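S.K.: My structure is in input-v6.cif, and what it holds is mmCIF, C-alpha atoms:
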data_protein
#
loop_
_atom_site.label_atom_id
_atom_site.label_comp_id
_atom_site.auth_asym_id
_atom_site.auth_seq_id
_atom_site.Cartn_x
_atom_site.Cartn_y
_atom_site.Cartn_z
CA ARG A 256 0.00 0.00 0.00
CA PRO A 257 1.52 3.39 -1.00
CA LEU A 258 2.36 5.71 1.85
CA ALA A 259 0.49 9.00 2.06
CA PRO A 260 2.74 12.10 1.73
CA GLN A 261 3.61 13.58 5.10
CA PRO A 262 3.66 17.35 5.69
CA LEU A 263 7.09 18.90 6.15
CA SER A 264 8.07 20.01 9.57
CA PRO A 265 8.71 23.70 10.28
CA SER A 266 12.44 22.98 10.52
CA ALA A 267 12.47 21.30 7.09
CA LEU A 268 10.56 24.19 5.55
CA GLY A 269 13.12 26.55 7.04
CA VAL A 270 15.97 24.62 5.44
CA LEU A 271 14.28 24.69 2.02
CA ALA A 272 13.64 28.41 2.29
CA MET A 273 17.27 29.05 3.21
CA ALA A 274 18.47 26.91 0.27
CA GLU A 275 16.26 28.87 -2.16
CA LEU A 276 17.56 32.16 -0.77
CA LEU A 277 21.18 31.08 -1.10
CA GLY A 278 20.48 29.84 -4.62
CA SER A 279 19.05 33.19 -5.66
CA LEU A 280 22.03 35.02 -4.18
CA PHE A 281 24.66 32.94 -5.94
CA ARG A 282 22.80 32.26 -9.22
CA LEU A 283 24.73 33.70 -12.18
CA PRO A 284 22.85 36.28 -14.27
CA THR A 285 21.68 35.11 -17.70
CA ALA A 286 24.11 36.15 -20.43
CA THR A 287 22.76 38.75 -22.85
CA THR A 288 23.58 38.39 -26.53
CA LYS A 289 25.54 41.29 -27.94
CA SER A 290 24.87 42.39 -31.48
CA GLY A 291 25.78 45.10 -33.96
CA VAL A 292 23.88 46.73 -36.82
CA GLY A 293 25.54 45.15 -39.87
CA LEU A 294 27.90 47.94 -40.94
CA LYS A 295 31.59 47.84 -41.86
CA LEU A 296 33.56 51.08 -41.63
CA ASN A 297 37.01 52.23 -42.74
CA SER A 298 39.41 54.44 -40.79
CA LYS A 299 37.41 57.54 -41.83
CA LEU A 300 34.21 55.93 -40.51
CA GLU A 301 32.91 55.63 -44.06
CA VAL A 302 30.62 52.71 -44.87
CA THR A 303 32.50 50.07 -46.87
CA GLU A 304 29.93 47.29 -46.60
CA VAL A 305 26.30 46.87 -45.61
CA VAL A 306 25.84 43.30 -44.41
CA LYS A 307 22.98 41.58 -46.24
CA GLY A 308 20.01 40.81 -44.06
CA GLY A 309 21.21 43.02 -41.20
CA PRO A 310 19.49 45.99 -39.56
CA ALA A 311 21.43 48.50 -41.69
CA ASP A 312 20.49 46.63 -44.86
CA PHE A 313 16.84 46.65 -43.84
CA ALA A 314 16.90 50.41 -43.34
CA GLY A 315 17.30 50.69 -47.12
CA VAL A 316 18.85 54.19 -47.01
CA ILE A 317 22.51 53.44 -46.21
CA ASP A 318 24.94 53.58 -49.13
CA LEU A 319 28.62 52.81 -49.49
CA GLY A 320 30.64 55.94 -48.77
CA ASP A 321 28.20 57.35 -46.20
CA GLN A 322 30.11 58.74 -43.21
CA LEU A 323 29.16 58.02 -39.61
CA LEU A 324 28.90 61.24 -37.56
CA SER A 325 27.35 60.18 -34.27
CA VAL A 326 26.12 57.14 -32.33
CA GLY A 327 23.55 57.47 -29.56
CA GLY A 328 23.85 61.23 -29.65
CA GLU A 329 27.63 61.16 -29.13
CA SER A 330 29.87 62.55 -31.87
CA VAL A 331 32.35 60.04 -33.27
CA VAL A 332 34.08 62.30 -35.79
CA GLY A 333 37.87 61.81 -35.71
CA ASN A 334 37.66 58.39 -34.05
CA LYS A 335 38.62 54.98 -35.41
CA PRO A 336 36.19 52.05 -35.75
CA GLY A 337 37.82 50.25 -32.83
CA ASP A 338 37.30 53.31 -30.60
CA ILE A 339 33.54 53.41 -31.16
CA SER A 340 32.65 49.71 -31.40
CA HIS A 341 31.35 49.77 -27.79
CA LEU A 342 28.86 52.45 -28.84
CA ILE A 343 27.52 50.43 -31.77
CA ILE A 344 27.55 46.93 -30.27
CA GLY A 345 24.99 46.38 -27.54
CA ASP A 346 22.28 44.11 -26.21
CA GLU A 347 20.32 42.40 -28.94
CA GLY A 348 16.98 44.08 -29.56
CA THR A 349 18.02 47.50 -28.28
CA ALA A 350 18.00 50.65 -30.39
CA CYS A 351 21.12 52.16 -31.93
CA ASN A 352 20.54 55.72 -33.10
CA ILE A 353 23.09 56.93 -35.63
CA VAL A 354 23.56 59.95 -37.87
CA LEU A 355 25.12 59.54 -41.32
CA LYS A 356 26.43 62.13 -43.71
CA LYS A 357 25.39 61.35 -47.28
CA ALA A 358 27.50 62.12 -50.36
CA SER A 359 25.18 65.07 -51.04
CA GLY A 360 26.07 66.53 -47.63
CA ILE A 361 22.69 65.77 -46.08
CA LYS A 362 22.77 64.51 -42.49
CA LEU A 363 20.47 61.52 -42.09
CA PRO A 364 19.37 60.25 -38.65
CA ILE A 365 18.55 56.52 -38.59
CA LYS A 366 17.24 54.25 -35.85
CA LEU A 367 18.54 50.68 -36.08
CA ILE A 368 17.63 47.73 -33.86
CA ARG A 369 20.70 45.73 -32.89
CA GLY A 370 20.70 42.14 -34.12
CA ALA A 371 17.03 42.22 -35.01
CA LYS A 372 15.92 40.01 -37.83
CA PRO A 373 14.30 42.48 -40.19
CA PRO A 374 10.97 41.87 -41.86
CA ALA A 375 11.18 40.66 -45.43
CA GLY A 376 11.29 43.19 -48.24
CA VAL A 377 10.87 42.99 -52.01
CA GLY A 378 14.44 43.76 -53.13
CA MET A 379 14.27 47.24 -54.58
CA LYS A 380 16.28 50.35 -53.79
CA LEU A 381 14.36 53.62 -53.56
CA GLN A 382 15.62 57.17 -53.70
CA ARG A 383 13.89 60.53 -53.91
CA ASN A 384 14.47 62.12 -57.31
CA ASN A 385 14.69 65.82 -58.14
CA ASP A 386 10.88 66.05 -58.07
CA GLY A 387 10.72 64.55 -54.60
CA GLU A 388 9.26 61.28 -55.88
CA LEU A 389 10.29 57.79 -54.76
CA GLU A 390 12.13 56.39 -57.77
CA VAL A 391 13.35 52.82 -58.13
CA MET A 392 17.14 53.00 -58.50
CA GLY A 393 18.04 49.30 -58.36
CA LEU A 394 16.62 45.78 -58.14
CA GLN A 395 17.93 42.71 -56.38
CA PRO A 396 18.28 39.82 -58.84
CA GLY A 397 15.64 37.23 -58.05
CA GLY A 398 13.88 39.54 -55.59
CA GLY A 399 10.14 40.04 -55.32
CA ALA A 400 10.24 43.40 -57.12
CA GLU A 401 12.14 42.05 -60.13
CA GLU A 402 9.98 38.92 -60.27
CA GLY A 403 6.83 41.02 -59.92
CA GLY A 404 7.63 43.30 -62.86
CA ILE A 405 9.10 46.43 -61.26
CA LYS A 406 11.59 48.26 -63.50
CA VAL A 407 14.41 50.67 -62.70
CA GLY A 408 13.08 54.19 -63.20
CA ASP A 409 9.56 53.40 -62.01
CA VAL A 410 8.08 55.96 -59.59
CA LEU A 411 6.30 54.51 -56.57
CA GLU A 412 2.83 56.06 -56.22
CA LYS A 413 0.87 53.76 -53.89
CA ILE A 414 1.50 50.93 -51.43
CA ASP A 415 -1.51 48.76 -50.64
CA GLY A 416 -3.73 51.56 -51.92
CA GLU A 417 -2.12 54.30 -49.78
CA ASN A 418 -0.59 57.21 -51.67
CA VAL A 419 3.11 57.68 -50.86
CA MET A 420 3.85 60.62 -53.15
CA GLY A 421 5.84 63.09 -51.09
CA LYS A 422 6.81 60.57 -48.40
CA THR A 423 10.44 59.84 -47.54
CA VAL A 424 12.22 56.53 -48.06
CA ARG A 425 12.41 56.14 -44.31
CA ASP A 426 8.62 56.44 -44.01
CA THR A 427 7.97 54.12 -46.94
CA VAL A 428 10.25 51.16 -46.19
CA PRO A 429 8.19 49.90 -43.21
CA MET A 430 5.08 50.00 -45.42
CA ILE A 431 6.71 47.69 -47.96
CA ALA A 432 8.33 45.25 -45.54
CA GLY A 433 6.41 42.48 -43.84
CA GLU A 434 6.25 38.76 -43.24
CA ALA A 435 8.13 36.62 -45.76
CA GLY A 436 5.83 35.04 -48.32
CA THR A 437 3.12 37.69 -48.06
CA VAL A 438 2.19 40.04 -50.90
CA VAL A 439 2.32 43.83 -51.04
CA LYS A 440 0.35 45.62 -53.76
CA THR A 441 2.05 48.57 -55.42
CA THR A 442 1.14 51.16 -58.03
CA VAL A 443 3.95 52.71 -60.05
CA LEU A 444 4.21 55.42 -62.71
CA ARG A 445 6.26 54.27 -65.69
CA GLY A 446 8.02 56.07 -68.51
CA LEU A 447 7.60 59.56 -69.92
CA GLY A 448 3.91 58.93 -70.41
CA ARG A 449 3.55 58.20 -66.67
CA GLU A 450 1.66 54.98 -67.36
CA ARG A 451 0.03 53.74 -64.17
CA VAL A 452 0.92 50.07 -63.54
CA GLU A 453 -0.38 47.95 -60.65
CA LEU A 454 1.89 45.13 -59.48
CA SER A 455 1.76 42.55 -56.70
CA LEU A 456 5.14 41.85 -55.12
CA ARG A 457 5.98 38.89 -52.89
CA ARG A 458 8.08 39.66 -49.83
CA GLY A 459 11.18 37.59 -49.18
CA SER A 460 14.68 37.72 -47.76
CA ALA A 461 17.95 38.08 -49.65
CA GLN A 462 18.50 34.37 -49.05
CA ASP A 463 15.14 33.65 -50.70
CA ALA A 464 16.23 35.63 -53.76
CA GLU A 465 19.54 33.78 -53.93
CA GLU A 466 17.75 30.44 -53.63
CA ARG A 467 15.36 31.50 -56.40
CA ILE A 468 18.26 32.44 -58.68
CA LYS A 469 20.02 29.17 -57.88
CA LYS A 470 16.88 27.15 -58.58
CA LYS A 471 16.29 29.01 -61.85
CA ALA A 472 19.89 28.38 -62.93
CA GLU A 473 19.52 24.68 -62.11
CA GLU A 474 16.29 24.46 -64.12
CA GLU A 475 17.92 26.21 -67.08
CA ALA A 476 20.91 23.84 -66.86
CA LYS A 477 18.58 20.83 -66.80
CA ALA A 478 16.62 22.16 -69.78
CA LYS A 479 19.85 22.77 -71.70
CA ALA A 480 21.13 19.27 -70.91
CA ALA A 481 17.81 17.76 -71.99
CA ALA A 482 17.88 19.74 -75.26
CA GLU A 483 21.45 18.60 -75.98
CA ALA A 484 20.52 14.96 -75.21
CA ARG A 485 17.49 15.28 -77.50
CA LYS A 486 19.66 16.71 -80.28
CA LYS A 487 22.20 13.89 -79.94
CA ALA A 488 19.41 11.31 -80.00
CA GLU A 489 17.97 12.85 -83.17
CA GLU A 490 21.42 12.91 -84.80
CA SER A 491 22.01 9.27 -83.84
CA GLN A 492 18.62 8.29 -85.23
CA ALA A 493 19.31 10.14 -88.50
CA ALA A 494 22.70 8.46 -88.79
CA ALA A 495 21.12 5.04 -88.15
CA GLU A 496 18.46 5.68 -90.80
CA LYS A 497 21.09 6.77 -93.32
CA GLN A 498 23.16 3.66 -92.58
CA ALA A 499 20.06 1.49 -93.03
CA GLN A 500 19.35 3.11 -96.41
CA GLN A 501 22.94 2.54 -97.50
CA GLU A 502 22.67 -1.08 -96.40
CA VAL A 503 19.51 -1.56 -98.48
CA ALA A 504 21.20 -0.03 -101.55
CA ARG A 505 24.26 -2.22 -101.02
CA ARG A 506 22.12 -5.34 -100.87
CA LYS A 507 20.33 -4.39 -104.09
CA VAL A 508 23.67 -4.03 -105.89
CA GLU A 509 24.79 -7.38 -104.51
CA ASP A 510 21.54 -9.01 -105.65
CA LEU A 511 21.92 -7.63 -109.21
CA ALA A 512 25.53 -8.76 -109.35
CA LYS A 513 24.51 -12.19 -108.13
CA GLN A 514 21.78 -12.47 -110.75
CA LEU A 515 24.23 -11.46 -113.49
CA ALA A 516 26.75 -13.98 -112.29
CA GLU A 517 24.13 -16.72 -112.32
CA LYS A 518 23.19 -15.90 -115.93
CA VAL A 519 26.82 -16.06 -117.03
CA ALA A 520 27.26 -19.35 -115.25
CA SER A 521 24.19 -20.84 -116.91
CA GLY A 522 25.35 -19.80 -120.43
CA ALA A 523 22.25 -17.76 -121.17
CA ILE A 524 24.22 -14.68 -122.08
CA ALA A 525 26.62 -16.67 -124.35
CA ASP A 526 23.70 -18.30 -126.32
CA ASP A 527 22.21 -14.89 -126.99
CA ASP A 528 25.52 -13.67 -128.45
CA GLN A 529 25.79 -16.73 -130.76
CA ASN A 530 22.23 -16.23 -132.05
CA GLN A 531 23.02 -12.62 -132.89
CA ASP A 532 26.15 -13.67 -134.85
CA ALA A 533 24.18 -16.32 -136.80
CA ASN A 534 21.55 -13.82 -137.82
CA VAL A 535 24.17 -11.47 -139.14
CA ASN A 536 25.86 -14.18 -141.20
CA THR A 537 22.57 -15.40 -142.67
CA THR A 538 21.64 -11.92 -143.82
CA SER A 539 24.96 -11.36 -145.53
CA GLU A 540 24.93 -14.64 -147.52
CA ALA A 541 21.32 -14.42 -148.65
CA ASP A 542 21.50 -10.91 -150.05
CA PRO A 543 25.06 -9.88 -150.92
CA ALA A 544 23.88 -6.93 -152.94
CA SER A 545 21.85 -5.72 -150.07
CA SER A 546 24.90 -6.13 -147.89
CA GLU A 547 27.04 -4.15 -150.25
CA LYS A 548 24.39 -1.52 -150.62
CA GLN A 549 24.14 -1.18 -146.89
CA VAL A 550 27.90 -0.86 -146.73
#
Please, can you express the file's structure as structure tokens?
M.R.:
Amino acid sequence: RPLAPQPLSPSALGVLAMAELLGSLFRLPTATTKSGVGLKLNSKLEVTEVVKGGPADFAGVIDLGDQLLSVGGESVVGNKPGDISHLIIGDEGTACNIVLKKASGIKLPIKLIRGAKPPAGVGMKLQRNNDGELEVMGLQPGGGAEEGGIKVGDVLEKIDGENVMGKTVRDTVPMIAGEAGTVVKTTVLRGLGRERVELSLRRGSAQDAEERIKKKAEEEAKAKAAAEARKKAEESQAAAEKQAQQEVARRKVEDLAKQLAEKVASGAIADDDQNQDANVNTTSEADPASSEKQV
């Protein structure tokens, strides 16, 4: 028979409470993951690389050559990358506020989330043109924008039905990004005639685009290999048919030669020659005048 659980004595409860207290005092704090923002800088604090899929890449407004001026409100001008790394690297998920100086001289404040996995985009680079419009300046090969029909030079007018004319790139990027695999509807103005074109773009990561390109290349390679195999098979079949025709012709010649040989062997051709000679002689003896006349 199982024993019923017995209540703990006050002394035992006291021991357990003391053990829990000591455990909480000596328990090591959970390690926090440190992360950056996906930027590589040279000695002048100029951007030399924007890491794909990182927070800086997701911002969509950082270009190579942009110069870092401040981090978290603290000026970093004149410093080296190693001197300011502690300002950029921090707890994952926290904000990193930076100010960049663009090639045009404009100072651009940007808020980046350290180590955050950015929502999926559609793989197009936007920039405000001289008219203040959001113009497509570049497309990621295999990205949702390229696959969906966006062209370089298109002007973005609407996102999911909302007019974005006059908005900044910074305001527009979050409207385009979203969960990978979902669709964002866009309206663009195309060409000198400002043709209005509506396109549905599928969101995805840079890795998705690379996988799509890889898959497409594999399919094209398979199709090419199949076409070459088909061509070789057709050439082999044509060669076999030609050889068969030559074999038939050869056999016909052999059959004719065989028939001729059989006639010679049987004397049929020789008898015909003798009959022709006899006819000639008979004609000459019977009518010599006629023979002479013919001569």
S.K.: So how far away is CA of Ser325 in chain A from CA of Leu355 in chain A, in Å?
M.R.: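 CA of Ser325 in chain A lies 7.4 Å from CA of Leu355 in chain A.
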S.K.: Tell me which of A:Ala314, A:Val326, A:Ala478, A:Val331 sits closest to Ser298 in chain A, counting only C-alpha atoms.
M.R.: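 Among A:Ala314, A:Val326, A:Ala478, A:Val331, it is A:Val331 that comes nearest to Ser298 in chain A.
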S.K.: Excluding Val302 in chain A and its own-chain neighbours fewer than 4 positions away, which residues fall within 9 Å of it when counting all atoms listed in the file? Please give them as an MDAnalysis selection string.
M.R.: chainID A and resid 294:297 317:323
S.K.: Just want the 7 Å neighbourhood of Ala350 in chain A, counted on only C-alpha atoms, with same-chain residues fewer than 4 positions away dropped. Output as a ChimeraX atom specification.
M.R.: /A:366-369
S.K.: Determine the residue set returned by the PyMOL selection byres ((chain A and resi 414) around 7) for the present structure, and present it as a VMD selection string.
M.R.: chain A and resid 413 415 to 419 440 to 442
S.K.: Just the number, please: distance in Å from CA of Gln462 in chain A to CA of Lys307 in chain A, one decimal.
M.R.: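 Separation of CA of Gln462 in chain A and CA of Lys307 in chain A: 8.9 Å.
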S.K.: Would you mind reading off the distance between CA of Arg458 in chain A and CA of Thr427 in chain A, one decimal, in Å?
M.R.: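 Interatomic distance here is 14.7 Å.
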S.K.: To verify the selection step, state as a PyMOL selection string which residues the PyMOL selection byres ((chain A and resi 375) around 12) yields on this input.
M.R.: chain A and resi 307-310+312-315+372-374+376-379+398-399+428-439+456-464
S.K.: Tell me which residues the PyMOL selection byres ((chain A and resi 392) around 10) grabs here, as a list in words.
M.R.: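 For this structure, the PyMOL selection byres ((chain A and resi 392) around 10) captures Met379, Lys380, Leu381, Gln382, Arg383, Asn384, Leu389, Glu390, Val391, Gly393, Leu394, Lys406, Val407, Gly408, Asp409 and Val410 of chain A.
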S.K.: Once you count only C-alpha atoms, which residues end up no further than 7 Å from (22.3, 36.0, -29.6) in the file's frame, shown as a list in words?
M.R.: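 Those residues lying close to the given coordinates are Thr288, Lys289 and Glu347 of chain A.
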